[in-house]
>>> print(open('final-v1.tsv').read())   # TSV, C-alpha atoms
chain	number	residue	atom	x	y	z
A	1	MET	CA	0.00	0.00	0.00
A	2	GLU	CA	1.04	3.61	-0.52
A	3	PRO	CA	2.71	5.55	2.32
A	4	SER	CA	0.69	8.21	4.11
A	5	LEU	CA	1.32	11.96	4.17
A	6	ASP	CA	-0.24	12.09	7.66
A	7	PHE	CA	2.70	10.20	9.15
A	8	SER	CA	6.33	11.24	8.91
A	9	HIS	CA	8.88	9.05	7.16
A	10	SER	CA	10.45	8.17	10.51
A	11	GLU	CA	7.04	7.13	11.92
A	12	GLN	CA	6.34	4.97	8.88
A	13	ASP	CA	9.82	3.41	9.01
A	14	ARG	CA	9.33	2.63	12.69
A	15	ALA	CA	5.96	1.01	11.96
A	16	VAL	CA	7.56	-1.11	9.24
A	17	SER	CA	10.32	-2.22	11.62
A	18	TYR	CA	7.73	-3.18	14.21
A	19	HIS	CA	5.18	-4.93	12.03
A	20	ARG	CA	7.11	-6.79	9.32
A	21	PRO	CA	8.62	-9.35	11.74
A	22	LEU	CA	5.17	-9.76	13.31
A	23	TYR	CA	3.64	-10.69	9.96
A	24	LEU	CA	6.32	-13.35	9.56
A	25	ALA	CA	5.73	-14.51	13.12
A	26	THR	CA	2.00	-14.88	12.40
A	27	LEU	CA	2.85	-17.05	9.40
A	28	GLY	CA	5.36	-19.03	11.46
A	29	ASP	CA	2.79	-19.60	14.20
A	30	ALA	CA	0.32	-20.96	11.66
A	31	VAL	CA	2.97	-23.29	10.22
A	32	LEU	CA	3.89	-24.56	13.69
A	33	GLY	CA	0.24	-25.16	14.59
A	34	THR	CA	-0.29	-27.09	11.37
A	35	ALA	CA	2.87	-29.14	11.93
A	36	VAL	CA	1.75	-30.14	15.43
A	37	LEU	CA	-1.58	-31.42	14.11
A	38	VAL	CA	0.13	-33.37	11.32
A	39	VAL	CA	2.55	-34.96	13.79
A	40	LEU	CA	-0.24	-35.89	16.21
A	41	ARG	CA	-2.31	-37.57	13.52
A	42	TRP	CA	0.18	-39.25	11.17
A	43	THR	CA	3.42	-39.97	13.03
A	44	TRP	CA	4.65	-42.36	15.69
A	45	PRO	CA	4.65	-39.83	18.58
A	46	GLY	CA	1.01	-39.02	17.83
A	47	ARG	CA	0.04	-42.68	17.76
A	48	GLU	CA	1.79	-43.30	21.07
A	49	LEU	CA	0.05	-40.36	22.71
A	50	TRP	CA	-3.31	-41.61	21.45
A	51	HIS	CA	-2.62	-45.07	22.86
A	52	THR	CA	-2.21	-43.51	26.33
A	53	VAL	CA	-5.82	-42.32	26.35
A	54	GLU	CA	-7.79	-44.64	24.05
A	55	GLU	CA	-8.55	-47.12	26.84
A	56	ALA	CA	-10.42	-44.44	28.83
A	57	GLY	CA	-13.67	-45.10	26.95
A	58	TRP	CA	-14.86	-43.02	24.02
A	59	ALA	CA	-15.87	-40.01	26.15
A	60	GLY	CA	-12.79	-40.00	28.33
A	61	ALA	CA	-10.52	-40.58	25.34
A	62	ALA	CA	-12.12	-37.73	23.39
A	63	ALA	CA	-11.74	-35.26	26.26
A	64	ALA	CA	-8.18	-36.35	27.11
A	65	TRP	CA	-7.13	-36.30	23.45
A	66	ALA	CA	-8.47	-32.77	23.09
A	67	ALA	CA	-6.45	-31.70	26.12
A	68	ILE	CA	-3.30	-33.31	24.69
A	69	VAL	CA	-3.80	-31.58	21.32
A	70	VAL	CA	-4.22	-28.17	22.95
A	71	LEU	CA	-1.26	-28.65	25.30
A	72	ALA	CA	1.05	-29.96	22.58
A	73	SER	CA	0.19	-27.06	20.30
A	74	TRP	CA	0.70	-24.55	23.11
A	75	LEU	CA	4.08	-25.99	24.10
A	76	VAL	CA	5.46	-26.02	20.56
A	77	ARG	CA	4.26	-22.50	19.85
A	78	ALA	CA	5.12	-21.06	23.28
A	79	PRO	CA	8.63	-19.74	22.42
A	80	LEU	CA	7.33	-17.82	19.42
A	81	SER	CA	4.32	-16.60	21.41
A	82	CYS	CA	6.62	-15.40	24.17
A	83	TRP	CA	8.83	-13.56	21.71
A	84	ARG	CA	5.90	-12.01	19.90
A	85	GLY	CA	3.55	-11.34	22.80
A	86	TRP	CA	5.89	-10.42	25.64
A	87	TRP	CA	9.61	-10.02	24.95
A	88	ARG	CA	9.22	-7.93	21.81
A	89	GLU	CA	6.35	-5.89	23.25
A	90	ARG	CA	8.56	-5.06	26.24
A	91	ARG	CA	11.42	-4.13	23.96
A	92	TRP	CA	9.22	-1.73	21.99
A	93	GLY	CA	7.83	-0.17	25.16
A	94	PHE	CA	4.28	-1.51	24.86
A	95	SER	CA	4.05	-4.30	27.43
A	96	THR	CA	3.83	-3.34	31.11
A	97	GLN	CA	3.63	-6.95	32.30
A	98	SER	CA	6.26	-8.97	34.07
A	99	PHE	CA	7.04	-12.34	32.56
A	100	GLY	CA	5.18	-14.02	35.41
A	101	ALA	CA	2.03	-11.98	34.78
A	102	TRP	CA	2.23	-12.70	31.04
A	103	LEU	CA	2.63	-16.41	31.76
A	104	ALA	CA	-0.36	-16.32	34.12
A	105	ASP	CA	-2.50	-14.85	31.34
A	106	GLN	CA	-1.27	-17.55	29.00
A	107	GLY	CA	-2.24	-20.16	31.57
A	108	LYS	CA	-5.75	-18.73	31.84
A	109	GLY	CA	-6.16	-18.76	28.07
A	110	LEU	CA	-4.81	-22.30	27.89
A	111	ALA	CA	-7.25	-23.53	30.55
A	112	ILE	CA	-10.19	-21.93	28.73
A	113	SER	CA	-9.06	-23.48	25.43
A	114	VAL	CA	-8.79	-26.95	26.98
A	115	VAL	CA	-12.25	-26.75	28.54
A	116	LEU	CA	-13.92	-25.42	25.40
A	117	LEU	CA	-12.27	-27.83	22.95
A	118	ALA	CA	-12.62	-30.88	25.21
A	119	GLY	CA	-16.31	-30.12	25.75
A	120	ALA	CA	-16.98	-29.47	22.07
A	121	TRP	CA	-15.11	-32.52	20.79
A	122	THR	CA	-16.59	-34.87	23.39
A	123	GLY	CA	-20.04	-33.61	22.40
A	124	VAL	CA	-19.36	-34.30	18.71
A	125	VAL	CA	-18.06	-37.80	19.47
A	126	ALA	CA	-21.11	-38.48	21.66
A	127	LEU	CA	-23.45	-37.46	18.85
A	128	ALA	CA	-21.54	-39.64	16.37
A	129	HIS	CA	-22.05	-42.61	18.72
A	130	ALA	CA	-25.72	-41.89	19.32
A	131	LEU	CA	-26.65	-40.86	15.77
A	132	PRO	CA	-24.05	-42.29	13.38
A	133	GLY	CA	-25.83	-41.18	10.22
A	134	TRP	CA	-27.30	-37.94	11.55
A	135	TRP	CA	-24.74	-36.48	13.93
A	136	PRO	CA	-24.00	-33.38	11.74
A	137	ALA	CA	-27.55	-32.02	12.21
A	138	PRO	CA	-27.49	-31.69	16.03
A	139	ALA	CA	-23.76	-30.90	15.96
A	140	ALA	CA	-24.30	-27.97	13.58
A	141	ALA	CA	-27.20	-26.68	15.68
A	142	GLY	CA	-25.10	-27.06	18.84
A	143	ALA	CA	-22.15	-25.23	17.29
A	144	ALA	CA	-24.38	-22.32	16.25
A	145	LEU	CA	-25.96	-22.13	19.69
A	146	ALA	CA	-22.51	-22.24	21.30
A	147	VAL	CA	-21.43	-19.20	19.28
A	148	LEU	CA	-24.61	-17.38	20.34
A	149	PHE	CA	-24.13	-18.39	23.97
A	150	LEU	CA	-20.52	-17.23	24.04
A	151	SER	CA	-21.54	-13.88	22.55
A	152	PHE	CA	-23.84	-13.43	25.55
A	153	VAL	CA	-21.59	-14.74	28.31
A	154	ALA	CA	-18.13	-13.60	27.15
A	155	PRO	CA	-18.57	-10.06	28.55
A	156	LEU	CA	-19.76	-11.48	31.88
A	157	LEU	CA	-17.58	-14.58	32.30
A	158	LEU	CA	-14.56	-14.53	29.97
A	159	GLU	CA	-13.55	-10.85	29.69
A	160	PRO	CA	-13.30	-10.42	33.51
A	161	VAL	CA	-10.80	-13.30	33.59
A	162	PHE	CA	-8.26	-10.99	31.95
A	163	ASN	CA	-9.37	-7.48	32.93
A	164	ARG	CA	-11.23	-5.61	35.63
A	165	PHE	CA	-14.05	-3.31	34.53
A	166	THR	CA	-15.35	-0.27	36.41
A	167	PRO	CA	-17.93	2.37	35.47
A	168	LEU	CA	-16.49	5.63	34.14
A	169	ALA	CA	-15.76	7.69	37.26
A	170	ASP	CA	-15.87	11.16	35.67
A	171	GLU	CA	-19.59	11.93	36.08
A	172	ALA	CA	-19.53	14.96	33.76
A	173	LEU	CA	-17.79	13.01	31.01
A	174	ALA	CA	-20.10	10.05	31.57
A	175	ALA	CA	-23.10	12.36	31.18
A	176	GLU	CA	-21.71	13.70	27.88
A	177	LEU	CA	-21.19	10.17	26.58
A	178	LEU	CA	-24.68	9.09	27.68
A	179	ALA	CA	-26.09	12.15	25.89
A	180	LEU	CA	-24.16	11.07	22.81
A	181	GLY	CA	-25.93	7.73	23.04
A	182	GLU	CA	-29.30	9.46	23.23
A	183	ARG	CA	-28.48	11.47	20.10
A	184	ALA	CA	-27.58	8.21	18.35
A	185	ALA	CA	-30.91	6.71	19.49
A	186	VAL	CA	-28.86	4.01	21.17
A	187	PRO	CA	-29.70	3.47	24.85
A	188	VAL	CA	-26.42	3.10	26.74
A	189	ARG	CA	-26.67	1.61	30.20
A	190	GLU	CA	-22.99	2.04	30.99
A	191	VAL	CA	-19.59	2.91	29.64
A	192	LEU	CA	-16.97	0.76	31.34
A	193	VAL	CA	-13.25	1.35	31.78
A	194	ALA	CA	-10.89	-1.64	31.46
A	195	ASP	CA	-7.63	-1.68	33.42
A	196	ALA	CA	-5.58	-2.37	30.29
A	197	SER	CA	-2.61	-0.37	31.62
A	198	ARG	CA	-1.50	-3.31	33.77
A	199	ARG	CA	-0.70	-5.09	30.50
A	200	THR	CA	0.01	-2.53	27.82
A	201	THR	CA	0.48	1.11	26.90
A	202	LYS	CA	-1.63	0.66	23.75
A	203	VAL	CA	-5.06	2.32	23.57
A	204	ASN	CA	-8.38	0.90	22.42
A	205	ALA	CA	-12.15	0.81	22.85
A	206	TYR	CA	-14.72	-1.72	21.75
A	207	VAL	CA	-18.33	-2.84	22.04
A	208	SER	CA	-19.17	-6.41	23.04
A	209	GLY	CA	-22.09	-8.57	24.07
A	210	ILE	CA	-25.67	-8.87	22.87
A	211	GLY	CA	-28.84	-7.58	24.50
A	212	ARG	CA	-28.44	-6.98	28.22
A	213	THR	CA	-24.76	-7.94	28.15
A	214	ARG	CA	-23.86	-5.38	25.48
A	215	ARG	CA	-21.58	-2.57	26.64
A	216	VAL	CA	-19.03	-0.02	25.46
A	217	VAL	CA	-15.57	-0.58	26.94
A	218	VAL	CA	-12.80	2.02	26.96
A	219	TYR	CA	-9.19	1.22	27.89
A	220	ASP	CA	-7.90	3.28	30.80
A	221	THR	CA	-4.88	4.08	28.61
A	222	LEU	CA	-7.21	5.74	26.09
A	223	LEU	CA	-8.96	7.64	28.87
A	224	GLU	CA	-5.60	8.99	29.99
A	225	ALA	CA	-4.26	9.81	26.52
A	226	ALA	CA	-7.26	11.30	24.70
A	227	ASP	CA	-8.82	14.73	25.15
A	228	THR	CA	-12.60	14.96	25.52
A	229	GLY	CA	-13.23	15.57	21.83
A	230	ALA	CA	-11.11	12.63	20.74
A	231	LEU	CA	-12.66	10.37	23.38
A	232	LYS	CA	-16.18	11.32	22.26
A	233	THR	CA	-15.14	10.52	18.69
A	234	VAL	CA	-14.00	7.02	19.66
A	235	VAL	CA	-17.09	6.34	21.80
A	236	ALA	CA	-19.35	7.66	19.01
A	237	HIS	CA	-17.68	5.16	16.69
A	238	GLU	CA	-18.53	2.35	19.11
A	239	LEU	CA	-22.09	3.66	19.40
A	240	GLY	CA	-22.26	3.44	15.62
A	241	HIS	CA	-21.46	-0.27	15.87
A	242	ARG	CA	-24.23	-0.65	18.40
A	243	ARG	CA	-26.73	1.36	16.36
A	244	GLU	CA	-26.04	-0.86	13.33
A	245	ARG	CA	-26.21	-4.02	15.48
A	246	ASP	CA	-22.78	-5.06	14.23
A	247	VAL	CA	-22.09	-7.42	17.13
A	248	ALA	CA	-25.35	-9.25	16.41
A	249	LYS	CA	-24.51	-9.43	12.70
A	250	LEU	CA	-21.04	-10.78	13.43
A	251	THR	CA	-22.56	-13.31	15.82
A	252	ILE	CA	-25.00	-14.49	13.14
A	253	ALA	CA	-22.10	-14.76	10.69
A	254	GLY	CA	-20.16	-16.75	13.29
A	255	MET	CA	-23.13	-19.08	13.76
A	256	ALA	CA	-23.35	-19.64	10.00
A	257	GLY	CA	-19.62	-20.27	9.88
A	258	ALA	CA	-19.91	-22.80	12.69
A	259	VAL	CA	-22.60	-24.70	10.77
A	260	ALA	CA	-20.48	-24.67	7.60
A	261	ALA	CA	-17.45	-25.90	9.56
A	262	VAL	CA	-19.39	-28.85	10.99
A	263	LEU	CA	-20.63	-29.79	7.52
A	264	LEU	CA	-17.06	-29.60	6.18
A	265	VAL	CA	-15.81	-31.96	8.91
A	266	TRP	CA	-18.73	-34.31	8.23
A	267	GLY	CA	-18.07	-34.27	4.50
A	268	VAL	CA	-14.45	-35.33	4.97
A	269	LEU	CA	-14.58	-37.55	8.07
A	270	GLY	CA	-18.14	-38.85	8.16
A	271	THR	CA	-18.63	-41.37	10.97
A	272	ARG	CA	-14.90	-41.62	11.67
A	273	VAL	CA	-15.25	-38.84	14.24
A	274	ALA	CA	-16.82	-41.43	16.58
A	275	SER	CA	-13.37	-42.77	17.45
A	276	GLY	CA	-12.19	-39.40	18.78
A	277	ARG	CA	-8.83	-39.96	17.09
A	278	GLU	CA	-9.56	-37.61	14.17
A	279	LEU	CA	-9.49	-34.36	16.14
A	280	PRO	CA	-6.23	-33.16	14.51
A	281	VAL	CA	-7.78	-33.71	11.07
A	282	ALA	CA	-10.91	-31.82	12.11
A	283	LEU	CA	-8.79	-28.91	13.33
A	284	LEU	CA	-6.78	-28.89	10.11
A	285	LEU	CA	-10.03	-28.68	8.16
A	286	LEU	CA	-11.22	-25.82	10.36
A	287	SER	CA	-7.90	-24.01	9.86
A	288	ALA	CA	-8.21	-24.39	6.08
A	289	PHE	CA	-11.80	-23.11	6.23
A	290	GLN	CA	-10.68	-20.12	8.28
A	291	LEU	CA	-7.85	-19.35	5.87
A	292	VAL	CA	-10.18	-19.39	2.87
A	293	THR	CA	-12.76	-17.14	4.55
A	294	MET	CA	-10.33	-14.70	6.18
A	295	PRO	CA	-10.17	-12.19	3.28
A	296	LEU	CA	-13.96	-12.09	3.03
A	297	GLY	CA	-14.34	-11.64	6.78
A	298	ALA	CA	-11.68	-8.94	6.92
A	299	ALA	CA	-13.26	-7.03	4.03
A	300	TRP	CA	-16.69	-7.16	5.66
A	301	SER	CA	-15.22	-6.02	8.99
A	302	ARG	CA	-13.53	-3.07	7.29
A	303	LYS	CA	-16.87	-2.12	5.75
A	304	LEU	CA	-18.48	-2.13	9.21
A	305	GLU	CA	-15.64	0.03	10.55
A	306	TYR	CA	-16.07	2.62	7.80
A	307	ARG	CA	-19.78	2.80	8.57
A	308	ALA	CA	-19.10	3.25	12.30
A	309	ASP	CA	-16.65	6.03	11.39
A	310	ARG	CA	-19.43	7.77	9.47
A	311	TRP	CA	-21.67	7.51	12.52
A	312	SER	CA	-18.91	9.04	14.62
A	313	LEU	CA	-18.64	12.03	12.31
A	314	ASP	CA	-22.41	12.47	12.09
A	315	LEU	CA	-22.82	12.35	15.87
A	316	THR	CA	-19.96	14.69	16.77
A	317	GLY	CA	-19.65	16.85	13.66
A	318	ASP	CA	-15.99	17.29	14.61
A	319	LEU	CA	-13.59	16.34	11.82
A	320	ALA	CA	-10.60	17.78	13.67
A	321	ALA	CA	-11.31	15.59	16.70
A	322	PHE	CA	-11.73	12.57	14.41
A	323	GLU	CA	-8.35	13.20	12.78
A	324	ARG	CA	-6.74	13.82	16.16
A	325	ALA	CA	-8.26	10.71	17.71
A	326	PHE	CA	-7.36	8.19	15.04
A	327	GLU	CA	-3.94	9.60	14.21
A	328	GLU	CA	-3.09	9.52	17.92
A	329	LEU	CA	-4.42	5.97	18.11
A	330	GLY	CA	-2.19	5.07	15.17
A	331	ARG	CA	0.89	6.65	16.70
A	332	ARG	CA	0.44	5.27	20.21
A	333	ASN	CA	-0.33	1.76	18.94
A	334	LEU	CA	2.25	2.03	16.17
A	335	SER	CA	-0.33	0.97	13.60
A	336	ASP	CA	0.98	0.06	10.16
A	337	PRO	CA	-0.08	2.90	7.82
A	338	ALA	CA	0.93	0.99	4.66
A	339	PRO	CA	0.87	-2.79	5.20
A	340	PRO	CA	1.81	-5.31	2.50
A	341	ARG	CA	-1.16	-6.19	0.34
A	342	LEU	CA	-1.46	-9.81	1.47
A	343	ALA	CA	-1.25	-8.83	5.13
A	344	TYR	CA	-3.95	-6.23	4.54
A	345	LEU	CA	-6.28	-8.65	2.77
A	346	PHE	CA	-5.98	-11.41	5.37
A	347	LEU	CA	-5.26	-9.69	8.68
A	348	PHE	CA	-6.72	-6.18	8.64
A	349	GLY	CA	-10.26	-6.15	9.99
A	350	HIS	CA	-9.91	-2.36	10.31
A	351	PRO	CA	-8.93	0.12	7.61
A	352	THR	CA	-5.55	1.73	8.06
A	353	VAL	CA	-5.49	5.08	9.84
A	354	PRO	CA	-4.70	6.99	6.61
A	355	GLU	CA	-7.66	5.28	4.91
A	356	ARG	CA	-9.99	6.22	7.75
A	357	VAL	CA	-8.84	9.84	7.88
A	358	ALA	CA	-9.07	10.20	4.07
A	359	ALA	CA	-12.62	8.77	4.09
A	360	ALA	CA	-13.61	11.13	6.92
A	361	ARG	CA	-12.21	14.14	5.06
A	362	ALA	CA	-14.06	13.14	1.92
A	363	ARG	CA	-17.32	12.79	3.85
A	364	ALA	CA	-16.83	16.15	5.57
A	365	ALA	CA	-16.09	17.82	2.25
>>> encode(input="final-v1.tsv", output="structure tokens")
Amino acid sequence: MEPSLDFSHSEQDRAVSYHRPLYLATLGDAVLGTAVLVVLRWTWPGRELWHTVEEAGWAGAAAAWAAIVVLASWLVRAPLSCWRGWWRERRWGFSTQSFGAWLADQGKGLAISVVLLAGAWTGVVALAHALPGWWPAPAAAGAALAVLFLSFVAPLLLEPVFNRFTPLADEALAAELLALGERAAVPVREVLVADASRRTTKVNAYVSGIGRTRRVVVYDTLLEAADTGALKTVVAHELGHRRERDVAKLTIAGMAGAVAAVLLVWGVLGTRVASGRELPVALLLLSAFQLVTMPLGAAWSRKLEYRADRWSLDLTGDLAAFERAFEELGRRNLSDPAPPRLAYLFLFGHPTVPERVAAARARAA
């Protein structure tokens, strides 16, 4: 992509130095994850590990095998994850975590992954035993309902595992943001502040949840860094997502994707899933499905972001604050203003900062 006139050459060079190794690390992580699954399914070490659990009965074997797959993948990828997620972030001045705190977060994520995958795979194997010819139907319905359920409970159960959330303490600012919600015809029950500073210096805000669990979350780092106009711009953007029901739309898309993924596994493996042994193959199929759909998903996400940006401008009417907010976000987070085309197509669910500012200027004009 073309360089941006809104960022100096030194800022763009620094972003390149930061991001290019990360793109390679993302590719390397995918290769390692694929290699682990191949080894577990088609080599002697994988067969030996399976033999240690296959006598536990089909349910016990399925759950234990899922745990082994998750743990093996985590262990092989841990050095690269540590380099990418902690050591390099510390070196660039972003991470505020000690190694112990980072490792504790990794442990929490690992435990959640084991529970979720073991439960899902054991359920699939159970259905294949109970309904050999029909297991995809209830499995697809269960997968879709699981996506919907997680969209509801993640803000209440999963997000607090990693962050603490408190209502915005500045009553005057909270009143302004609530008034912004009224202008957007979006009832806002609360704007929460996440204690992101105990992990990172980067800034962010997002909307999550569906129905009564839906809320706008602002990083405390953003609250500290942004002036009132810029903060209102960012919150107005999140209100735009809520007004357009983007979380619900993404959840529906996730449910459809879950159904398609189950049908893909059924089409390739059929009744062989009943043994529990084929989990690595199922995960390889899901990885291939994700890879194929990533550009489409990223493009759709960028479209939603542009629309939320338009809402932000319409609600605030402040182009200068918009430019200030997103350029400061880009600088503090060291966003890549001109990523390689392939990285952009596959990895960028948000437009680049120069793209967003140019679109905002065009709309204002």
>>> atom_distance(input="final-v1.tsv", atom1="CA of Phe326 (chain A)", atom2="CA of Val353 (chain A)")
6.3 Å
>>> residues_near_point(input="final-v1.tsv", point="(-12.1, -11.0, 7.0)", cutoff="8 Å", atoms="all atoms listed in the file", output="PyMOL selection string")
chain A and resi 293-301+345-349
>>> atom_distance(input="final-v1.tsv", atom1="CA of His51 (chain A)", atom2="CA of Ala143 (chain A)")
28.4 Å
>>> atom_distance(input="final-v1.tsv", atom1="CA of Val36 (chain A)", atom2="CA of Lys108 (chain A)")
21.3 Å
>>> closest_atom_pairs(input="final-v1.tsv", of="region 238-328 of chain A", to="region 5-29 of chain A", cutoff="12 Å", atoms="only C-alpha atoms", output="tab-separated table")
residue	atom	partner	partner_atom	distance
A:Leu291	CA	A:Leu27	CA	11.5
A:Glu323	CA	A:Asp6	CA	9.7
A:Arg324	CA	A:Asp6	CA	10.8
A:Phe326	CA	A:Asp6	CA	11.0
A:Glu327	CA	A:Asp6	CA	7.9
A:Glu328	CA	A:Phe7	CA	10.5
>>> write_last_selection(input="final-v1.tsv", atoms="C-alpha atoms", output="PDB file, in the coordinates of the input")
ATOM      1  CA  LEU A 291      -7.850 -19.350   5.870  1.00  0.00           C
ATOM      2  CA  GLU A 323      -8.350  13.200  12.780  1.00  0.00           C
ATOM      3  CA  ARG A 324      -6.740  13.820  16.160  1.00  0.00           C
ATOM      4  CA  PHE A 326      -7.360   8.190  15.040  1.00  0.00           C
ATOM      5  CA  GLU A 327      -3.940   9.600  14.210  1.00  0.00           C
ATOM      6  CA  GLU A 328      -3.090   9.520  17.920  1.00  0.00           C
TER       7      GLU A 328
END
>>> residues_around(input="final-v1.tsv", residues="region 257-262 of chain A", least_positions_apart="4", cutoff="8 Å", atoms="only C-alpha atoms", output="mmCIF file with C-alpha atoms, keeping the file's coordinate frame")
data_model
loop_
_atom_site.group_PDB
_atom_site.id
_atom_site.type_symbol
_atom_site.label_atom_id
_atom_site.label_comp_id
_atom_site.auth_asym_id
_atom_site.auth_seq_id
_atom_site.Cartn_x
_atom_site.Cartn_y
_atom_site.Cartn_z
ATOM 1 C CA PRO A 136 -24.000 -33.380 11.740
ATOM 2 C CA ALA A 139 -23.760 -30.900 15.960
ATOM 3 C CA ALA A 140 -24.300 -27.970 13.580
ATOM 4 C CA ALA A 141 -27.200 -26.680 15.680
ATOM 5 C CA ALA A 143 -22.150 -25.230 17.290
ATOM 6 C CA ALA A 144 -24.380 -22.320 16.250
ATOM 7 C CA VAL A 147 -21.430 -19.200 19.280
ATOM 8 C CA ALA A 253 -22.100 -14.760 10.690
ATOM 9 C CA TRP A 266 -18.730 -34.310 8.230
ATOM 10 C CA LEU A 286 -11.220 -25.820 10.360
ATOM 11 C CA PHE A 289 -11.800 -23.110 6.230
#
>>> residues_around(input="final-v1.tsv", residues="Leu150 (chain A)", least_positions_apart="6", cutoff="10 Å", atoms="all atoms listed in the file", output="ChimeraX atom specification")
/A:156-158,209-210,251
